[in-house]
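Have a look at the structure below before the remarks.
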Amino acid sequence: MTSLSNEGGAVPPGFDGTSLPEASPDGSSPGSLHSAARHRVADQIFRNLAVGSGFVVSLVIGLIALFLVAQAVPSLLKNEENFFTYTGDWITSGNQLAFGIPQLFYATVVVSVIALLIAMPVALGISIFLTEYAPKRLVGPITYTVDLLAAVPSIVYGLWGILVLGPALVPVNEWVVGHLGFLPFFQQPTQVANMSTGGTLLTAGIVLAVMILPIITAVTREVFMQTPKGHREAALALGATKFEVVKLAVLPFGFSGYISGSMLGLGRALGETMALLLIISTAGPMNFNLMESGETFATKIANNAAEFDSPAKTGAYISAGLTLFVLTFIVNAAARAVVAGKK
């Protein structure tokens with residue numbers, strides 16, 4: 001009788017009394033079907049969680065907008081001045097309300113633009129250095145140092161700006177006014193106190209630039225690191241220098257991420273409160289003079305929050321918050337359009 005075992009003594013499946021696993025009609029084994037079913041359930045759970053998270057975020061934003069509108073509309077209806085053109089003192093007590101946002105809009109945009117003009121080139125340079133030129137032993141310490149700036153509280157930046165940076169810029173401001181005073185940006189201010197303390201729009205913009213620098217740098221650096229290796233090697237194979245590799249391969253690939261990071265920083269600058277409250281907190285003229293002071297949307301609300309003793313007064317200042325909300329939404333939408341156009 002022929003032996004049923006092979007040379008190693010192993011008995012083929014089905015000859016030792018055990019049954020062979022049944023195949024499914026499509027030829028797949030039960031184990032693979034169970035595994036696929038588990039994967040489908042996991043995918044469905046993950047999909048539901050992702051969709052639910054997006055829905056919750058959208059719902060929260062919608063509720064915030066609804067709250068701002070509900071609180072602001074009654075005061076806006078009682079406002080006897082044009083909300084978009086009135087530049088006089090705010091009157092929020094009694095039955096006759098008078099308030100407007102031009103000066104707040106001007107100061108908010110000016111300090112934010114100054115911050116972007118300073119922070120964006122610096123963040124771009126740091127990101128290129130860390131991803132292309134820096135030795136590996138320096139990448140970690142420099143990255144941690146830049147990221148550490150994001151952990152500093154806003155009030156510390158404000159104290160640094162008004163107690164250290166502002167006084168240090170006083171002689172610089174005086175020199176600029178004396179030699180470049182013919183330009184509208186560096187004229188002698190009407191509020192002399194700003195020059196003596198350094199609490200100017202320029203100082204506020206510099207402080208904001210330092211505050212938003214780690215946000216822009218972190219996003220830009222991560223995007224640059226994702227540049228396909230093949231793009232770099234193709235440029236080098238064609239004889240490109242390191243600078244040309246950055247110019248032709250890295251920057252085009254990471255431009256959308258750079259813009260996205262810059263818009264995140266701009267959102268932080270538009271809504272910054274405590275730092276600017278310590279540096280600039282008095283209304284100034286709308287003459288594009290960086291040596292003047294001013295009030296932003298956030299500092300205006302924070303300055304008067306303790307006096308919200310009536311729905312009309314509260315609604316007047318919440319209307320400024322609603323304007324800031326809309327402004328931030330428009331900025332983010334414009335950024336998304338720019339990013340989408342570059343893809």
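The way I read the labels, and the way they are meant: chains A, B, ... in the order of the structure tokens, residue 1 as the first residue of every chain, and ligand 1 as the first ligand shown, with later ones counted on from there.
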
**OP:** Assign secondary structure with DSSP using the backbone only, and return the residues of range 83-180 of chain A in alpha helix (DSSP H) as a PyMOL selection string.
**Re:** chain A and resi 102-128+136-148+154-160+166-180

Keeping only C-alpha atoms, take the residues you just selected and write them out as a PDB file, in the first residue's frame.
ATOM      1  CA  PRO A 102     -13.388 102.840   9.249  1.00  0.00           C
ATOM      2  CA  GLN A 103     -10.638 103.630  11.774  1.00  0.00           C
ATOM      3  CA  LEU A 104     -10.761 100.120  13.247  1.00  0.00           C
ATOM      4  CA  PHE A 105     -10.594  98.571   9.794  1.00  0.00           C
ATOM      5  CA  TYR A 106      -7.690 100.812   8.825  1.00  0.00           C
ATOM      6  CA  ALA A 107      -5.578 100.051  11.910  1.00  0.00           C
ATOM      7  CA  THR A 108      -6.315  96.319  11.735  1.00  0.00           C
ATOM      8  CA  VAL A 109      -5.332  96.046   8.092  1.00  0.00           C
ATOM      9  CA  VAL A 110      -2.223  98.247   8.427  1.00  0.00           C
ATOM     10  CA  VAL A 111      -0.635  96.324  11.312  1.00  0.00           C
ATOM     11  CA  SER A 112      -1.528  92.991   9.697  1.00  0.00           C
ATOM     12  CA  VAL A 113       0.001  93.985   6.352  1.00  0.00           C
ATOM     13  CA  ILE A 114       3.169  95.201   8.096  1.00  0.00           C
ATOM     14  CA  ALA A 115       3.379  91.860   9.912  1.00  0.00           C
ATOM     15  CA  LEU A 116       2.984  89.901   6.678  1.00  0.00           C
ATOM     16  CA  LEU A 117       5.529  91.998   4.787  1.00  0.00           C
ATOM     17  CA  ILE A 118       8.096  91.239   7.482  1.00  0.00           C
ATOM     18  CA  ALA A 119       7.205  87.664   8.407  1.00  0.00           C
ATOM     19  CA  MET A 120       6.621  86.124   4.971  1.00  0.00           C
ATOM     20  CA  PRO A 121      10.133  86.686   3.529  1.00  0.00           C
ATOM     21  CA  VAL A 122      11.776  85.677   6.818  1.00  0.00           C
ATOM     22  CA  ALA A 123       9.650  82.515   7.083  1.00  0.00           C
ATOM     23  CA  LEU A 124      10.426  81.624   3.459  1.00  0.00           C
ATOM     24  CA  GLY A 125      14.151  82.048   4.028  1.00  0.00           C
ATOM     25  CA  ILE A 126      14.100  79.964   7.211  1.00  0.00           C
ATOM     26  CA  SER A 127      12.115  77.197   5.524  1.00  0.00           C
ATOM     27  CA  ILE A 128      14.452  77.024   2.519  1.00  0.00           C
ATOM     28  CA  LYS A 136      21.219  67.911   9.862  1.00  0.00           C
ATOM     29  CA  ARG A 137      22.611  68.634  13.315  1.00  0.00           C
ATOM     30  CA  LEU A 138      21.284  72.199  13.127  1.00  0.00           C
ATOM     31  CA  VAL A 139      17.826  71.469  11.706  1.00  0.00           C
ATOM     32  CA  GLY A 140      16.398  70.214  14.988  1.00  0.00           C
ATOM     33  CA  PRO A 141      17.605  73.045  17.279  1.00  0.00           C
ATOM     34  CA  ILE A 142      16.621  75.784  14.821  1.00  0.00           C
ATOM     35  CA  THR A 143      13.200  74.222  14.252  1.00  0.00           C
ATOM     36  CA  TYR A 144      12.547  73.937  17.993  1.00  0.00           C
ATOM     37  CA  THR A 145      13.664  77.514  18.543  1.00  0.00           C
ATOM     38  CA  VAL A 146      11.328  78.899  15.888  1.00  0.00           C
ATOM     39  CA  ASP A 147       8.420  76.740  17.050  1.00  0.00           C
ATOM     40  CA  LEU A 148       9.012  77.896  20.620  1.00  0.00           C
ATOM     41  CA  SER A 154       0.448  87.213  23.757  1.00  0.00           C
ATOM     42  CA  ILE A 155       0.750  89.435  26.812  1.00  0.00           C
ATOM     43  CA  VAL A 156       4.476  88.705  26.988  1.00  0.00           C
ATOM     44  CA  TYR A 157       4.849  89.877  23.399  1.00  0.00           C
ATOM     45  CA  GLY A 158       2.897  92.995  24.291  1.00  0.00           C
ATOM     46  CA  LEU A 159       5.112  93.775  27.270  1.00  0.00           C
ATOM     47  CA  TRP A 160       8.206  93.165  25.167  1.00  0.00           C
ATOM     48  CA  GLY A 166       9.201 100.446  21.482  1.00  0.00           C
ATOM     49  CA  PRO A 167      11.824 102.452  23.436  1.00  0.00           C
ATOM     50  CA  ALA A 168      14.584 100.907  21.297  1.00  0.00           C
ATOM     51  CA  LEU A 169      12.819 102.138  18.150  1.00  0.00           C
ATOM     52  CA  VAL A 170      12.368 105.721  19.422  1.00  0.00           C
ATOM     53  CA  PRO A 171      15.717 106.993  18.035  1.00  0.00           C
ATOM     54  CA  VAL A 172      15.108 105.040  14.826  1.00  0.00           C
ATOM     55  CA  ASN A 173      11.664 106.608  14.465  1.00  0.00           C
ATOM     56  CA  GLU A 174      13.087 110.081  15.067  1.00  0.00           C
ATOM     57  CA  TRP A 175      15.767 109.537  12.432  1.00  0.00           C
ATOM     58  CA  VAL A 176      13.212 108.215   9.936  1.00  0.00           C
ATOM     59  CA  VAL A 177      10.872 111.150  10.551  1.00  0.00           C
ATOM     60  CA  GLY A 178      13.750 113.605  10.205  1.00  0.00           C
ATOM     61  CA  HIS A 179      15.128 112.147   6.972  1.00  0.00           C
ATOM     62  CA  LEU A 180      12.102 110.503   5.331  1.00  0.00           C
TER      63      LEU A 180
END

**OP:** State, in Å with one decimal place, the distance from CA of Ala298 in chain A to CA of Ile101 in chain A.
**Re:** 11.8 Å

Original post:
Got a sec: who's within 9 Å of Arg268 in chain A, counting only C-alpha atoms, leaving out chain neighbours fewer than 3 positions off, as a list of chain:residue names?
Top reply: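 Non-adjacent residues within range: A:Leu208, A:Met211, A:Ile212, A:Met263, A:Leu264, A:Gly265, A:Gly271, A:Glu272.
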
Original post:
Could you pull the residues within 12 Å of Arg336 in chain A, counting only C-alpha atoms, minus those fewer than 2 positions along the same chain, as a ChimeraX atom specification?
Top reply: /A:256-264,329-334,338-343

Could you save the residues just selected, with C-alpha atoms, as an mmCIF file, in the first residue's frame?
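The new file out_31.cif reads:
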data_model
loop_
_atom_site.group_PDB
_atom_site.id
_atom_site.type_symbol
_atom_site.label_atom_id
_atom_site.label_comp_id
_atom_site.auth_asym_id
_atom_site.auth_seq_id
_atom_site.Cartn_x
_atom_site.Cartn_y
_atom_site.Cartn_z
ATOM 1 C CA SER A 256 0.303 76.795 -2.266
ATOM 2 C CA GLY A 257 1.405 75.653 1.186
ATOM 3 C CA TYR A 258 3.388 78.857 1.634
ATOM 4 C CA ILE A 259 0.300 80.932 0.843
ATOM 5 C CA SER A 260 -1.842 78.791 3.150
ATOM 6 C CA GLY A 261 0.594 79.242 6.021
ATOM 7 C CA SER A 262 0.720 82.974 5.386
ATOM 8 C CA MET A 263 -3.064 83.199 5.522
ATOM 9 C CA LEU A 264 -3.090 81.291 8.799
ATOM 10 C CA PHE A 329 -13.794 84.697 6.288
ATOM 11 C CA ILE A 330 -13.106 86.732 3.140
ATOM 12 C CA VAL A 331 -9.336 86.494 3.641
ATOM 13 C CA ASN A 332 -9.483 82.716 4.068
ATOM 14 C CA ALA A 333 -11.737 82.344 1.023
ATOM 15 C CA ALA A 334 -9.327 84.404 -1.063
ATOM 16 C CA VAL A 338 -5.228 81.300 -4.709
ATOM 17 C CA VAL A 339 -4.247 77.801 -3.585
ATOM 18 C CA ALA A 340 -6.822 76.156 -5.824
ATOM 19 C CA GLY A 341 -5.624 78.203 -8.784
ATOM 20 C CA LYS A 342 -2.064 76.960 -8.302
ATOM 21 C CA LYS A 343 -2.961 73.277 -8.204
#

**OP:** Within 12 Å of Ala193 in chain A, counting only C-alpha atoms, which residues show up once you throw out same-chain ones fewer than 2 positions away? Write them as a ChimeraX atom specification, please.
**Re:** /A:166-167,170,188-191,195-200,279-280,282,284,291-293

Would you mind exporting N, CA and C atoms of the selected residues as a CSV table (one decimal), in the first residue's frame?
chain,number,residue,atom,x,y,z
A,166,GLY,N,9.7,99.1,21.7
A,166,GLY,CA,9.2,100.4,21.5
A,166,GLY,C,10.2,101.5,21.8
A,167,PRO,N,10.8,101.5,23.1
A,167,PRO,CA,11.8,102.5,23.4
A,167,PRO,C,13.1,102.3,22.6
A,170,VAL,N,12.6,104.3,19.4
A,170,VAL,CA,12.4,105.7,19.4
A,170,VAL,C,13.4,106.5,18.6
A,188,GLN,N,5.8,113.4,10.9
A,188,GLN,CA,5.7,113.7,12.3
A,188,GLN,C,4.3,113.5,12.8
A,189,PRO,N,4.0,112.6,13.8
A,189,PRO,CA,2.7,112.3,14.2
A,189,PRO,C,2.1,113.5,14.9
A,190,THR,N,0.7,113.5,14.9
A,190,THR,CA,0.0,114.5,15.7
A,190,THR,C,0.0,114.2,17.1
A,191,GLN,N,0.0,112.9,17.5
A,191,GLN,CA,0.1,112.5,18.9
A,191,GLN,C,1.5,112.2,19.2
A,195,MET,N,5.5,108.8,19.7
A,195,MET,CA,7.0,108.8,19.3
A,195,MET,C,7.8,108.7,20.6
A,196,SER,N,7.4,109.2,21.7
A,196,SER,CA,8.2,109.1,22.9
A,196,SER,C,8.1,107.7,23.6
A,197,THR,N,7.1,107.0,23.4
A,197,THR,CA,7.0,105.7,23.9
A,197,THR,C,7.3,104.5,22.9
A,198,GLY,N,7.2,104.8,21.7
A,198,GLY,CA,7.4,103.8,20.7
A,198,GLY,C,6.1,103.0,20.4
A,199,GLY,N,5.0,103.4,21.0
A,199,GLY,CA,3.7,102.7,20.7
A,199,GLY,C,3.1,103.1,19.4
A,200,THR,N,3.7,102.7,18.3
A,200,THR,CA,3.2,103.1,17.0
A,200,THR,C,2.7,101.9,16.2
A,279,ILE,N,0.3,97.9,23.2
A,279,ILE,CA,1.2,98.8,22.3
A,279,ILE,C,0.4,99.9,21.7
A,280,ILE,N,-0.7,99.6,21.1
A,280,ILE,CA,-1.6,100.7,20.5
A,280,ILE,C,-3.0,100.5,21.1
A,282,THR,N,-5.1,103.7,21.4
A,282,THR,CA,-5.8,105.0,21.2
A,282,THR,C,-6.0,105.2,19.8
A,284,GLY,N,-6.3,106.8,16.2
A,284,GLY,CA,-5.4,107.7,15.4
A,284,GLY,C,-6.0,108.0,14.1
A,291,MET,N,3.9,106.1,12.1
A,291,MET,CA,4.3,106.7,13.4
A,291,MET,C,3.1,107.0,14.3
A,292,GLU,N,1.9,106.8,13.8
A,292,GLU,CA,0.7,107.1,14.6
A,292,GLU,C,0.3,105.8,15.4
A,293,SER,N,-0.7,106.0,16.2
A,293,SER,CA,-1.3,104.9,17.0
A,293,SER,C,-2.6,104.6,16.3

Subject >> Atom-to-atom span, CA of Lys300 in chain A and CA of Ser58 in chain A, Å >> reply: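 Spanning CA of Lys300 in chain A to CA of Ser58 in chain A is a straight-line distance of 27.5 Å.
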
Subject >> Separation of CA of Met225 in chain A from CA of Phe129 in chain A in Å >> reply: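 Computing the Euclidean distance for CA of Phe129 in chain A and CA of Met225 in chain A yields 11.4 Å.
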
Original post:
Hey, what's within 7 Å of Thr299 in chain A if we count only C-alpha atoms and toss same-chain stuff fewer than 2 positions away? As a PyMOL selection string, please?
Top reply: chain A and resi 273+276-277+281+295-297+301-303

**OP:** May I have the residues within 12 Å of Glu233 in chain A as a list in words, using only C-alpha atoms and disregarding those fewer than 2 positions away in the same chain?
**Re:** Thr227, Pro228, Lys229, Gly230, His231, Ala235, Leu236, Ala237, Leu238, Gly239, Ala240, Thr241, Lys242, Glu244, Val245, Val246, Leu248, Ala249 and Val250 of chain A

**OP:** Go through A:Val152, A:Ala134, A:Val73, A:Ala98 one by one, measure the shortest atom-to-atom distance of each to Thr85 in chain A using only C-alpha atoms, and give the residue with the smallest value.
**Re:** A:Ala98
